[in-house]
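K.L.:
One structure follows; several queries about it will come next.
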Amino acid sequence: MAVKSSRYWLIFISPAMFLIAVFLLWPLAKTVVYSFSEWKNFSITYTFAGLANYKRMAADSVIRIALKNSGILIIFALIFQVGFSLLLAILVDSVNHLFKFYRTVYFFPIVISGTAIGLMFALAYKYEYGLLNFFLTLFGQEKRVWITPKTSIFLALIPVVWQYVGFYFVIFLTGLSKIPADVYEAAMLDGVTPIQKAIKITIPMLRDTLVSCTVLVVSGCFRVFDTVFIITKGGPLDSSQFLSTYMYKMAFENFNGGYASAIAMLMIFIGVFITVCLRKALKAQ
Amino acid sequence: MKKRFMSIAALCIICLIAASCASQAPAANPAPASTENTQSAPAPAPAGETIRVVTYFAGSDAWAPVWKEVIQEYMTANPGIIILDESQPTAGVNDMLKTKVQADLAANSPSDLMLYYTGDAYAETLTAQDSYLDFTEALSQDPEWAAGFKQTPLQSVQYQGKQYTLPYIGFYEGLFYNKGLFDKLGLAEPTSWENIINSLDALNENGITPLASSLAAPYFLVENFIMAQVGESNHRNYFDDSWAGALDAIAELHSKGAFPKDAMTLSEDDVRLLFSEGKAAMMINGSWCVDSLQSNPDMRIISMPTTPGGKGGSNSAISGFGSGWYMTKAAASRSGETLKLLKYLTSPEIMARFIAIGGSSAIYCEAPDSSSNLLKSAAVMLNTATYIDKTLDSQVGHEAYEAMNGGVQYIVEGMKTSKEVIEEARSLN
């Protein structure tokens, strides 16, 4: 009875509220303010600039490249992180031997930091001292420049997509373990083929897991930073910029905190908008 | 039993009191080579103090090993002092030092002592928060320490008449070239634009990259080409239309295959590696590379030769004291330990150890043995130049500087003209 009184819930909730207010709400509020300001060099002073940063953003061709790249990443992530990891999970779930081995191997990349993975791939792509060109020359082929304006986005996305396949693979495995065995047994008696089993039983019964993974994948695409930054730094010719890498460039290389804040606001808006739309669309189905 | 418990408790309390008294005792061990003026001693130092220091002596930086030795020696000689080395590398595509310092400033948590860039653009940023000490008073209180500094560099880093920074290691930039490679192929040394252009085909045919440079971070390239293009006449006329010629000259070299094939993504570390391993004949870089190159007797450095229609060349050079020591007011008011450490670091003995690696000194100290051909050519370069100026990044706005350097990729690919890039940078300055 006493626990239900307002005094107690306030005491229990206040530490979390304090942390959220200090580390989330206050910085968010400041970002909103800075996005409408001319704030450079991390100075303590800033001046109100109205919509100037947003107007600049509308005319900035790099923003369009970043949005296009985010779109490419979402498509790749949905195909590989959701589609491929689901396929892997179904295959591994059906094997009788080495189940734990496969689960560990596929999950392993997720425990490596994005920076380390980025560095590993960056070293592989190098022209003069890179691993790929080492193999080319080993087989008598000419060395080639791997990271070009046309290829940079795809080469940067390979490790990004690869790293998280294992994460969603484990989520799908957990989902598969929740499907009652008697459903499969009944289907087996009806003579169902393995493909029919996957399409007509497993995937429909994993619907909730699929929805969660899809939302996580899409919202996660707007947070990609470390791996891409290490491999290409958004270049060459800004061809592999994402909103996150471009925001970093504006804030910590160009020292234009106002414009970087406006880009951050765009990231927040798009992230929230797509997540809400996706949830509504998938829930409606 | 109760008496025994009471005795142990009393003993514990006595120990705690004794420990707390001991922790308030002043430091007993002096710093080596300290020139601290005892008459102007600030607040008494606690026995244990952690001093946060950030420098660029990290990663592949040539001075990093000396720096580690020096601070370790200081901590050994001063047992109560812990130097928290927060140094960040500046070489490479990304300058981590700038990022760290800016992030610390934004969080209002700057390092106590900092070796950072000088110049109005940086000073304006750093002094905006009123966190850094004006050394004028500290220098006047310790004439012996003040007399150790050379006056020209000391005055050159002042900002609005105040001494927020103390100059340390000077630098120079220029065109490094491997004389041995040019001699081997019977090519004239790259002392003129024509010689450079005429050597490109022969170098490429022999599998040697003519000019090692990154277009992902073309800062040294752009700096030196602008100096070669405009010389004294327009170097301080920031983003003047005459600067466009320098960017066009870079584009011309690119179109003639002067740069590495992966110049668009090449890192600064790889640029140095290409040149030092003899895979590239020329490189535009600075005095921080001298230590790793001077063992090769074929290495030389000259000012970037005059670009087509230019006014610079051997009559001008980029040199200066682009970095210096900053100290926070908070560290100064906390105790005298940070200033004591700074005096140790700026003593002639320590300075000489850094200069033995490369660069020029802002402090009077024993000159290192400069007998290598590379160091001799550097001395000739600086003595020949009638106009010497520091780098542009310390003179113009960060965003404008980045826009100009970032625009080089677009110019060489024909996606923007040099005038468009200069105009864009000018609008951001």
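Labeling convention for the structure tokens: chains A, B, ... as they appear, residues from 1 per chain, ligands from 1 in order of appearance.
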Provide as a PDB file with C-alpha atoms, in the first residue's frame the residues of chain A at most 7 Å from chain B, counting only C-alpha atoms.
P.N.:
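To be explicit, this is the file written out as result02.pdb:
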ATOM      1  CA  ASN A  41      34.543  26.628 -33.139  1.00  0.00           C
ATOM      2  CA  PHE A  42      32.629  25.302 -30.097  1.00  0.00           C
ATOM      3  CA  SER A  43      32.582  28.842 -28.796  1.00  0.00           C
ATOM      4  CA  ILE A  44      30.549  29.711 -25.707  1.00  0.00           C
ATOM      5  CA  TYR A 127      46.335  -0.102 -53.271  1.00  0.00           C
ATOM      6  CA  VAL A 145      42.329   0.847 -57.027  1.00  0.00           C
ATOM      7  CA  PRO A 236      36.242   9.943 -52.252  1.00  0.00           C
ATOM      8  CA  LEU A 237      34.264  12.928 -53.531  1.00  0.00           C
ATOM      9  CA  PHE A 252      34.907  18.162 -35.750  1.00  0.00           C
ATOM     10  CA  ASN A 254      34.894  22.206 -40.089  1.00  0.00           C
ATOM     11  CA  PHE A 255      33.985  23.201 -36.513  1.00  0.00           C
TER      12      PHE A 255
END
K.L.:
List the spatial neighbours of A:Phe48 as a PyMOL selection string - criterion: any atom at most 12 Å away, only C-alpha atoms, same-chain residues fewer than 6 positions off excluded.
P.N.:
chain A and resi 32-39+258
K.L.:
Enumerate the residues of stretch 33-214 of chain B with a DSSP assignment of helix (DSSP H, G or I), computed from the backbone, and present them as JSON, numbers by chain.
P.N.:
{"B": [38, 39, 40, 64, 65, 66, 67, 68, 69, 70, 71, 72, 73, 74, 75, 76, 77, 96, 97, 98, 99, 100, 101, 102, 103, 104, 105, 106, 120, 121, 122, 123, 124, 125, 126, 127, 136, 137, 138, 139, 140, 141, 143, 144, 145, 146, 147, 151, 152, 153, 154, 155, 156, 179, 180, 181, 182, 183, 184, 193, 194, 195, 196, 197, 198, 199, 200, 201, 202, 203, 204, 205]}
K.L.:
Leaving out A:Thr151 and any residue of its chain fewer than 2 positions from it, which residues lie within 12 Å of it when counting only C-alpha atoms, given as a PyMOL selection string?
P.N.:
chain A and resi 69+125+145-149+153-158+232+235-237+239-240
K.L.:
Within 8 Å of A:Tyr54, counting only C-alpha atoms, which residues qualify if same-chain residues fewer than 4 places away don't, as a list in words?
P.N.:
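So the residues in contact are Ser35, Ala58, Tyr259 and Ala262 of chain A.
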K.L.:
Near A:Leu282, counting only C-alpha atoms, which residues have an atom at most 10 Å away, once you skip same-chain residues fewer than 5 positions from it, shown as a PDB file with N, CA and C atoms, in the first residue's frame?
P.N.:
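Just written: result33.pdb:
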ATOM      1  N   ARG A 207       6.633 -14.055 -37.338  1.00  0.00           N
ATOM      2  CA  ARG A 207       6.226 -12.724 -37.781  1.00  0.00           C
ATOM      3  C   ARG A 207       6.629 -11.623 -36.785  1.00  0.00           C
ATOM      4  N   ASP A 208       6.366 -11.840 -35.513  1.00  0.00           N
ATOM      5  CA  ASP A 208       6.689 -10.817 -34.503  1.00  0.00           C
ATOM      6  C   ASP A 208       8.194 -10.551 -34.445  1.00  0.00           C
ATOM      7  N   LEU A 210      10.300 -11.028 -36.898  1.00  0.00           N
ATOM      8  CA  LEU A 210      10.648 -10.351 -38.156  1.00  0.00           C
ATOM      9  C   LEU A 210      10.354  -8.851 -38.082  1.00  0.00           C
ATOM     10  N   VAL A 211       9.190  -8.521 -37.499  1.00  0.00           N
ATOM     11  CA  VAL A 211       8.815  -7.105 -37.370  1.00  0.00           C
ATOM     12  C   VAL A 211       9.843  -6.378 -36.509  1.00  0.00           C
ATOM     13  N   SER A 212      10.188  -6.983 -35.374  1.00  0.00           N
ATOM     14  CA  SER A 212      11.163  -6.346 -34.472  1.00  0.00           C
ATOM     15  C   SER A 212      12.508  -6.172 -35.165  1.00  0.00           C
ATOM     16  N   THR A 214      13.169  -6.031 -38.382  1.00  0.00           N
ATOM     17  CA  THR A 214      13.086  -5.050 -39.473  1.00  0.00           C
ATOM     18  C   THR A 214      13.170  -3.628 -38.919  1.00  0.00           C
ATOM     19  N   VAL A 215      12.442  -3.377 -37.839  1.00  0.00           N
ATOM     20  CA  VAL A 215      12.485  -2.038 -37.230  1.00  0.00           C
ATOM     21  C   VAL A 215      13.894  -1.736 -36.720  1.00  0.00           C
ATOM     22  N   CYS A 277       6.448   4.868 -39.020  1.00  0.00           N
ATOM     23  CA  CYS A 277       5.746   4.397 -40.222  1.00  0.00           C
ATOM     24  C   CYS A 277       5.846   2.880 -40.351  1.00  0.00           C
TER      25      CYS A 277
END
K.L.:
Which one is closest to B:Trp288: B:Asp112, B:Asp120, B:Glu423, B:Glu173? Count only C-alpha atoms.
P.N.:
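Ranking B:Asp112, B:Asp120, B:Glu423, B:Glu173 by distance to B:Trp288, first place goes to B:Glu173.
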K.L.:
Env of B:Ala352: 12 Å cut, atoms = only C-alpha atoms, seq-sep filter 5 positions within chain, self excluded. Answer as an MDAnalysis selection string.
P.N.:
chainID B and resid 63 66 70 168:169 345:347 357:369
K.L.:
When you count only C-alpha atoms, which of these residues is closest to A:Thr202: A:Val224, A:Val95, A:Leu86, A:Thr137?
P.N.:
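Residue with the minimum atom-to-atom distance to A:Thr202: A:Leu86.
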K.L.:
Just the number, please: distance in Å from atom CA of B:Leu113 to atom CA of A:Gly257, one decimal.
P.N.:
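Computed distance, atom CA of B:Leu113 to atom CA of A:Gly257, equals 25.0 Å.
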K.L.:
Have a look at B:Asn224, B:Thr90, B:Asn429, B:Thr328 and name the one nearest to B:Phe57; count only C-alpha atoms.
P.N.:
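Distance minimum relative to B:Phe57 lands on B:Thr90.
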K.L.:
Would you compute the distance between atom CA of B:Ile350 and atom CA of B:Lys376? Give it in Å to one decimal.
P.N.:
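According to the coordinates, atom CA of B:Ile350 and atom CA of B:Lys376 are separated by 23.4 Å.
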